[in-house]
>>> print(open('protein-v4.pdb').read())   # PDB, C-alpha atoms
ATOM      1  CA  MET A   1     118.997  63.703  89.176
ATOM      2  CA  ARG A   2     120.692  67.092  89.032
ATOM      3  CA  ILE A   3     120.637  69.241  92.145
ATOM      4  CA  VAL A   4     120.455  72.971  91.531
ATOM      5  CA  LEU A   5     121.658  74.999  94.463
ATOM      6  CA  ILE A   6     120.665  78.576  95.094
ATOM      7  CA  LEU A   7     123.046  81.438  95.927
ATOM      8  CA  GLY A   8     121.814  84.740  97.379
ATOM      9  CA  GLY A   9     121.631  87.768  95.099
ATOM     10  CA  VAL A  10     121.859  91.528  95.443
ATOM     11  CA  MET A  11     119.154  93.120  93.275
ATOM     12  CA  ARG A  12     116.344  94.906  95.126
ATOM     13  CA  SER A  13     112.737  94.374  94.182
ATOM     14  CA  GLY A  14     112.206  97.910  92.891
ATOM     15  CA  GLN A  15     115.214  97.945  90.573
ATOM     16  CA  ARG A  16     115.241  97.146  86.895
ATOM     17  CA  GLY A  17     117.954  94.987  85.460
ATOM     18  CA  THR A  18     118.925  92.138  83.201
ATOM     19  CA  ALA A  19     117.552  88.602  83.153
ATOM     20  CA  SER A  20     120.581  87.617  85.192
ATOM     21  CA  ASP A  21     119.559  90.251  87.769
ATOM     22  CA  LEU A  22     116.126  88.617  87.840
ATOM     23  CA  THR A  23     117.819  85.307  88.643
ATOM     24  CA  SER A  24     119.715  87.025  91.459
ATOM     25  CA  LEU A  25     116.465  88.524  92.747
ATOM     26  CA  LEU A  26     114.840  85.076  92.712
ATOM     27  CA  GLU A  27     117.773  83.732  94.669
ATOM     28  CA  ALA A  28     117.718  86.620  97.163
ATOM     29  CA  HIS A  29     113.964  86.202  97.811
ATOM     30  CA  TYR A  30     113.951  82.423  97.419
ATOM     31  CA  GLU A  31     112.208  81.540 100.698
ATOM     32  CA  ASP A  32     109.481  84.202 100.333
ATOM     33  CA  LEU A  33     108.833  83.176  96.731
ATOM     34  CA  ARG A  34     108.825  79.500  97.703
ATOM     35  CA  ARG A  35     106.158  80.216 100.341
ATOM     36  CA  PHE A  36     104.193  82.117  97.673
ATOM     37  CA  ALA A  37     104.449  79.072  95.377
ATOM     38  CA  ALA A  38     103.393  76.725  98.200
ATOM     39  CA  ARG A  39     100.300  78.856  98.901
ATOM     40  CA  LYS A  40      99.381  78.887  95.211
ATOM     41  CA  ALA A  41     100.065  75.177  94.729
ATOM     42  CA  ARG A  42      98.801  74.048  98.139
ATOM     43  CA  SER A  43     101.749  71.649  98.117
ATOM     44  CA  ALA A  44     105.264  72.075  99.454
ATOM     45  CA  SER A  45     106.712  69.500  97.061
ATOM     46  CA  LEU A  46     105.047  71.117  94.052
ATOM     47  CA  ALA A  47     106.346  74.486  95.265
ATOM     48  CA  ASP A  48     109.907  73.091  95.312
ATOM     49  CA  ASP A  49     109.487  71.832  91.745
ATOM     50  CA  VAL A  50     108.042  75.158  90.621
ATOM     51  CA  MET A  51     110.922  77.081  92.196
ATOM     52  CA  GLN A  52     113.415  74.949  90.293
ATOM     53  CA  ASP A  53     111.396  75.497  87.111
ATOM     54  CA  ALA A  54     111.409  79.262  87.741
ATOM     55  CA  TRP A  55     115.166  79.290  88.282
ATOM     56  CA  LEU A  56     115.703  77.315  85.070
ATOM     57  CA  LYS A  57     113.289  79.551  83.148
ATOM     58  CA  LEU A  58     115.175  82.667  84.256
ATOM     59  CA  SER A  59     118.488  81.005  83.425
ATOM     60  CA  ASP A  60     117.163  80.359  79.919
ATOM     61  CA  LEU A  61     116.109  84.011  79.667
ATOM     62  CA  THR A  62     119.706  85.126  80.266
ATOM     63  CA  ARG A  63     120.641  83.292  77.077
ATOM     64  CA  ALA A  64     117.570  84.308  75.044
ATOM     65  CA  PRO A  65     118.345  86.860  72.343
ATOM     66  CA  GLY A  66     116.191  89.943  72.531
ATOM     67  CA  PHE A  67     115.103  89.621  76.173
ATOM     68  CA  ASP A  68     115.483  92.962  77.913
ATOM     69  CA  GLY A  69     115.382  92.528  81.669
ATOM     70  CA  ALA A  70     115.545  96.296  82.029
ATOM     71  CA  ALA A  71     112.031  96.511  80.536
ATOM     72  CA  VAL A  72     110.603  94.691  83.564
ATOM     73  CA  ARG A  73     109.090  97.460  85.699
ATOM     74  CA  ASN A  74     108.521  95.484  88.882
ATOM     75  CA  PRO A  75     110.919  92.517  88.952
ATOM     76  CA  LEU A  76     109.494  90.931  92.107
ATOM     77  CA  SER A  77     105.939  91.030  90.709
ATOM     78  CA  TYR A  78     107.274  89.593  87.452
ATOM     79  CA  LEU A  79     108.841  86.690  89.387
ATOM     80  CA  ARG A  80     105.554  86.059  91.210
ATOM     81  CA  TRP A  81     103.741  86.085  87.854
ATOM     82  CA  ILE A  82     106.198  83.514  86.452
ATOM     83  CA  ILE A  83     105.809  81.323  89.557
ATOM     84  CA  ALA A  84     101.994  81.543  89.510
ATOM     85  CA  ASN A  85     101.969  80.529  85.837
ATOM     86  CA  LEU A  86     104.327  77.633  86.497
ATOM     87  CA  VAL A  87     102.041  76.415  89.312
ATOM     88  CA  VAL A  88      99.067  76.477  86.922
ATOM     89  CA  ASP A  89     101.125  74.669  84.254
ATOM     90  CA  ARG A  90     102.144  71.942  86.715
ATOM     91  CA  GLN A  91      98.572  71.512  87.943
ATOM     92  CA  ARG A  92      97.279  71.257  84.360
ATOM     93  CA  GLN A  93      99.932  68.663  83.530
ATOM     94  CA  ALA A  94      98.944  66.589  86.564
ATOM     95  CA  ALA A  95      95.246  66.818  85.700
ATOM     96  CA  ALA A  96      95.888  65.852  82.065
ATOM     97  CA  GLN A  97      98.016  62.909  83.124
ATOM     98  CA  ALA A  98      95.338  61.730  85.555
ATOM     99  CA  ARG A  99      92.753  61.851  82.739
ATOM    100  CA  ARG A 100      94.984  59.950  80.295
ATOM    101  CA  ILE A 101      95.782  57.013  82.540
ATOM    102  CA  SER A 102      93.459  55.283  84.921
ATOM    103  CA  PRO A 103      94.767  52.384  87.038
ATOM    104  CA  GLY A 104      92.472  49.879  85.316
ATOM    105  CA  GLU A 105      93.988  50.608  81.897
ATOM    106  CA  LEU A 106      97.532  49.533  82.765
ATOM    107  CA  PRO A 107      98.643  45.980  82.064
ATOM    108  CA  LEU A 108      99.992  44.153  85.090
ATOM    109  CA  ASP A 109     103.483  43.927  83.614
ATOM    110  CA  ALA A 110     103.702  47.615  82.651
ATOM    111  CA  GLY A 111     107.148  48.863  83.547
ATOM    112  CA  SER A 112     108.333  52.409  83.889
ATOM    113  CA  ASP A 113     111.660  54.155  83.817
ATOM    114  CA  ALA A 114     110.202  56.891  86.026
ATOM    115  CA  PRO A 115     111.315  56.869  89.650
ATOM    116  CA  SER A 116     108.908  55.396  92.166
ATOM    117  CA  ALA A 117     107.190  57.563  94.766
ATOM    118  CA  PHE A 118     109.661  56.194  97.315
ATOM    119  CA  GLN A 119     112.636  57.177  95.133
ATOM    120  CA  VAL A 120     111.224  60.668  94.626
ATOM    121  CA  LEU A 121     110.669  61.113  98.365
ATOM    122  CA  ALA A 122     114.135  59.761  99.172
ATOM    123  CA  GLY A 123     115.666  62.115  96.604
ATOM    124  CA  ARG A 124     113.863  65.110  98.077
ATOM    125  CA  GLN A 125     114.975  64.145 101.566
ATOM    126  CA  GLU A 126     118.570  63.866 100.386
ATOM    127  CA  ILE A 127     118.341  67.296  98.756
ATOM    128  CA  ALA A 128     117.047  68.756 102.018
ATOM    129  CA  ILE A 129     119.913  67.122 103.930
ATOM    130  CA  VAL A 130     122.494  68.464 101.460
ATOM    131  CA  GLN A 131     120.955  71.954 101.579
ATOM    132  CA  ALA A 132     121.069  71.903 105.389
ATOM    133  CA  ALA A 133     124.671  70.659 105.305
ATOM    134  CA  ILE A 134     125.651  73.467 102.932
ATOM    135  CA  ALA A 135     123.977  76.002 105.217
ATOM    136  CA  GLU A 136     126.197  74.739 108.071
ATOM    137  CA  LEU A 137     129.420  75.440 106.144
ATOM    138  CA  PRO A 138     131.611  78.470 106.819
ATOM    139  CA  ASP A 139     130.711  81.402 104.561
ATOM    140  CA  LYS A 140     133.606  81.172 102.081
ATOM    141  CA  CYS A 141     133.309  77.392 101.800
ATOM    142  CA  ARG A 142     129.552  77.726 101.150
ATOM    143  CA  GLN A 143     130.154  80.397  98.497
ATOM    144  CA  VAL A 144     132.664  78.172  96.726
ATOM    145  CA  ILE A 145     130.412  75.118  96.491
ATOM    146  CA  LEU A 146     127.380  77.159  95.445
ATOM    147  CA  LEU A 147     129.317  78.882  92.681
ATOM    148  CA  TYR A 148     130.977  75.675  91.540
ATOM    149  CA  ARG A 149     127.954  73.341  91.690
ATOM    150  CA  GLY A 150     125.019  75.757  91.566
ATOM    151  CA  HIS A 151     126.278  78.085  88.864
ATOM    152  CA  ASP A 152     128.511  75.575  87.023
ATOM    153  CA  LEU A 153     131.590  77.770  87.227
ATOM    154  CA  THR A 154     135.049  76.285  86.799
ATOM    155  CA  MET A 155     137.444  76.282  89.726
ATOM    156  CA  GLN A 156     139.388  79.082  88.055
ATOM    157  CA  GLN A 157     136.220  81.155  87.589
ATOM    158  CA  VAL A 158     135.281  80.630  91.247
ATOM    159  CA  ALA A 159     138.799  81.600  92.299
ATOM    160  CA  ASP A 160     138.684  84.745  90.163
ATOM    161  CA  ARG A 161     135.241  85.741  91.404
ATOM    162  CA  LEU A 162     136.145  85.289  95.081
ATOM    163  CA  GLY A 163     139.727  86.551  94.822
ATOM    164  CA  ILE A 164     141.281  83.319  96.090
ATOM    165  CA  SER A 165     143.636  80.779  94.568
ATOM    166  CA  PRO A 166     142.394  77.717  92.640
ATOM    167  CA  ARG A 167     144.079  75.552  95.291
ATOM    168  CA  THR A 168     142.003  77.257  97.994
ATOM    169  CA  VAL A 169     138.901  76.586  95.888
ATOM    170  CA  GLU A 170     139.886  72.887  95.760
ATOM    171  CA  ASN A 171     140.347  72.822  99.542
ATOM    172  CA  HIS A 172     136.965  74.445 100.148
ATOM    173  CA  LEU A 173     135.271  72.032  97.710
ATOM    174  CA  ALA A 174     136.876  69.025  99.371
ATOM    175  CA  LYS A 175     135.770  70.257 102.795
ATOM    176  CA  ALA A 176     132.218  70.958 101.565
ATOM    177  CA  MET A 177     131.847  67.616  99.784
ATOM    178  CA  SER A 178     133.201  65.740 102.791
ATOM    179  CA  HIS A 179     130.774  67.555 105.096
ATOM    180  CA  CYS A 180     127.798  66.826 102.812
ATOM    181  CA  ARG A 181     128.743  63.141 102.499
ATOM    182  CA  ARG A 182     129.106  62.884 106.287
ATOM    183  CA  ARG A 183     125.627  64.410 106.825
ATOM    184  CA  LEU A 184     124.097  62.021 104.271
ATOM    185  CA  LYS A 185     125.759  59.021 105.948
ATOM    186  CA  GLU A 186     124.507  60.173 109.353
ATOM    187  CA  ALA A 187     120.986  60.536 107.986
ATOM    188  CA  ARG A 188     121.102  57.032 106.510
ATOM    189  CA  GLY A 189     122.347  55.659 109.814
ATOM    190  CA  ASP A 190     125.641  54.346 108.441
ATOM    191  CA  GLY A 191     127.836  57.224 109.581
TER     192      GLY A 191
END
>>> encode(input="protein-v4.pdb", output="structure tokens")
Amino acid sequence: MRIVLILGGVMRSGQRGTASDLTSLLEAHYEDLRRFAARKARSASLADDVMQDAWLKLSDLTRAPGFDGAAVRNPLSYLRWIIANLVVDRQRQAAAQARRISPGELPLDAGSDAPSAFQVLAGRQEIAIVQAAIAELPDKCRQVILLYRGHDLTMQQVADRLGISPRTVENHLAKAMSHCRRRLKEARGDG
């Protein structure tokens, strides 16, 4: 399971910009948009999935040839439109899956590579713990781990972006990872 972390952005809702600016806007308004998704989906867990889908969709747009983010007149409304459509897509997928498979049709020995409901719940809880742990970090340390893990930048790219040395990036990453591991161990009761 890959964890995508969100870093705050700087674009305002009335500005036009590139697809990458749209990603920044999503990140800057993440909590408000997540609440919007939860209201539409009537499910907090589905809202979390939709928000990740929206972030990935916008990330794909940054690489799509011919997409002009500057043509988007109201970026925040555009993000809400994307999120609302993703909620509908997820709900349709769930309904279609429920129609395809009824419990009586499965053989008793049917195995699945999909994670169990318990594994999904445990994974979501771990993500929440890691997100809370990251929020507890000092500002620079939090920026480093979000750029490195959330935006897949190299240590050198993080160092260049933040104006610090690669060694300082390593130190911040070590501190952040140690803190996150400690919080996970405490949550599991073995720390």
>>> atom_distance(input="protein-v4.pdb", atom1="CA of Arg188 in chain A", atom2="CA of Ser45 in chain A")
21.3 Å
>>> resolve_selection(input="protein-v4.pdb", expression="the PyMOL selection byres ((chain A and resi 58-62) around 12)", output="ChimeraX atom specification")
/A:4,17-27,51-57,63-69,75,78-79,82-83,150-152
>>> resolve_selection(input="protein-v4.pdb", expression="the PyMOL selection byres ((chain A and resi 143) around 10)", output="PyMOL selection string")
chain A and resi 7-8+134+137-142+144-148+150+158+162+169+172-173
>>> residues_near_point(input="protein-v4.pdb", point="(103.4, 82.9, 90.7)", cutoff="12 Å", atoms="all atoms listed in the file", output="JSON, numbers by chain")
{"A": [26, 32, 33, 34, 35, 36, 37, 38, 39, 40, 41, 47, 50, 51, 53, 54, 76, 77, 78, 79, 80, 81, 82, 83, 84, 85, 86, 87, 88, 89, 90]}
>>> write_last_selection(input="protein-v4.pdb", atoms="C-alpha atoms", output="mmCIF file, in the coordinates of the input")
data_model
loop_
_atom_site.group_PDB
_atom_site.id
_atom_site.type_symbol
_atom_site.label_atom_id
_atom_site.label_comp_id
_atom_site.auth_asym_id
_atom_site.auth_seq_id
_atom_site.Cartn_x
_atom_site.Cartn_y
_atom_site.Cartn_z
ATOM 1 C CA LEU A 26 114.840 85.076 92.712
ATOM 2 C CA ASP A 32 109.481 84.202 100.333
ATOM 3 C CA LEU A 33 108.833 83.176 96.731
ATOM 4 C CA ARG A 34 108.825 79.500 97.703
ATOM 5 C CA ARG A 35 106.158 80.216 100.341
ATOM 6 C CA PHE A 36 104.193 82.117 97.673
ATOM 7 C CA ALA A 37 104.449 79.072 95.377
ATOM 8 C CA ALA A 38 103.393 76.725 98.200
ATOM 9 C CA ARG A 39 100.300 78.856 98.901
ATOM 10 C CA LYS A 40 99.381 78.887 95.211
ATOM 11 C CA ALA A 41 100.065 75.177 94.729
ATOM 12 C CA ALA A 47 106.346 74.486 95.265
ATOM 13 C CA VAL A 50 108.042 75.158 90.621
ATOM 14 C CA MET A 51 110.922 77.081 92.196
ATOM 15 C CA ASP A 53 111.396 75.497 87.111
ATOM 16 C CA ALA A 54 111.409 79.262 87.741
ATOM 17 C CA LEU A 76 109.494 90.931 92.107
ATOM 18 C CA SER A 77 105.939 91.030 90.709
ATOM 19 C CA TYR A 78 107.274 89.593 87.452
ATOM 20 C CA LEU A 79 108.841 86.690 89.387
ATOM 21 C CA ARG A 80 105.554 86.059 91.210
ATOM 22 C CA TRP A 81 103.741 86.085 87.854
ATOM 23 C CA ILE A 82 106.198 83.514 86.452
ATOM 24 C CA ILE A 83 105.809 81.323 89.557
ATOM 25 C CA ALA A 84 101.994 81.543 89.510
ATOM 26 C CA ASN A 85 101.969 80.529 85.837
ATOM 27 C CA LEU A 86 104.327 77.633 86.497
ATOM 28 C CA VAL A 87 102.041 76.415 89.312
ATOM 29 C CA VAL A 88 99.067 76.477 86.922
ATOM 30 C CA ASP A 89 101.125 74.669 84.254
ATOM 31 C CA ARG A 90 102.144 71.942 86.715
#
>>> axis_aligned_box(input="protein-v4.pdb", around="range 148-160 of chain A", padding_each_side="3 Å", output="lines of an AutoDock Vina configuration file")
center_x = 132.2
center_y = 79.0
center_z = 89.5
size_x = 20.4
size_y = 17.4
size_z = 11.5
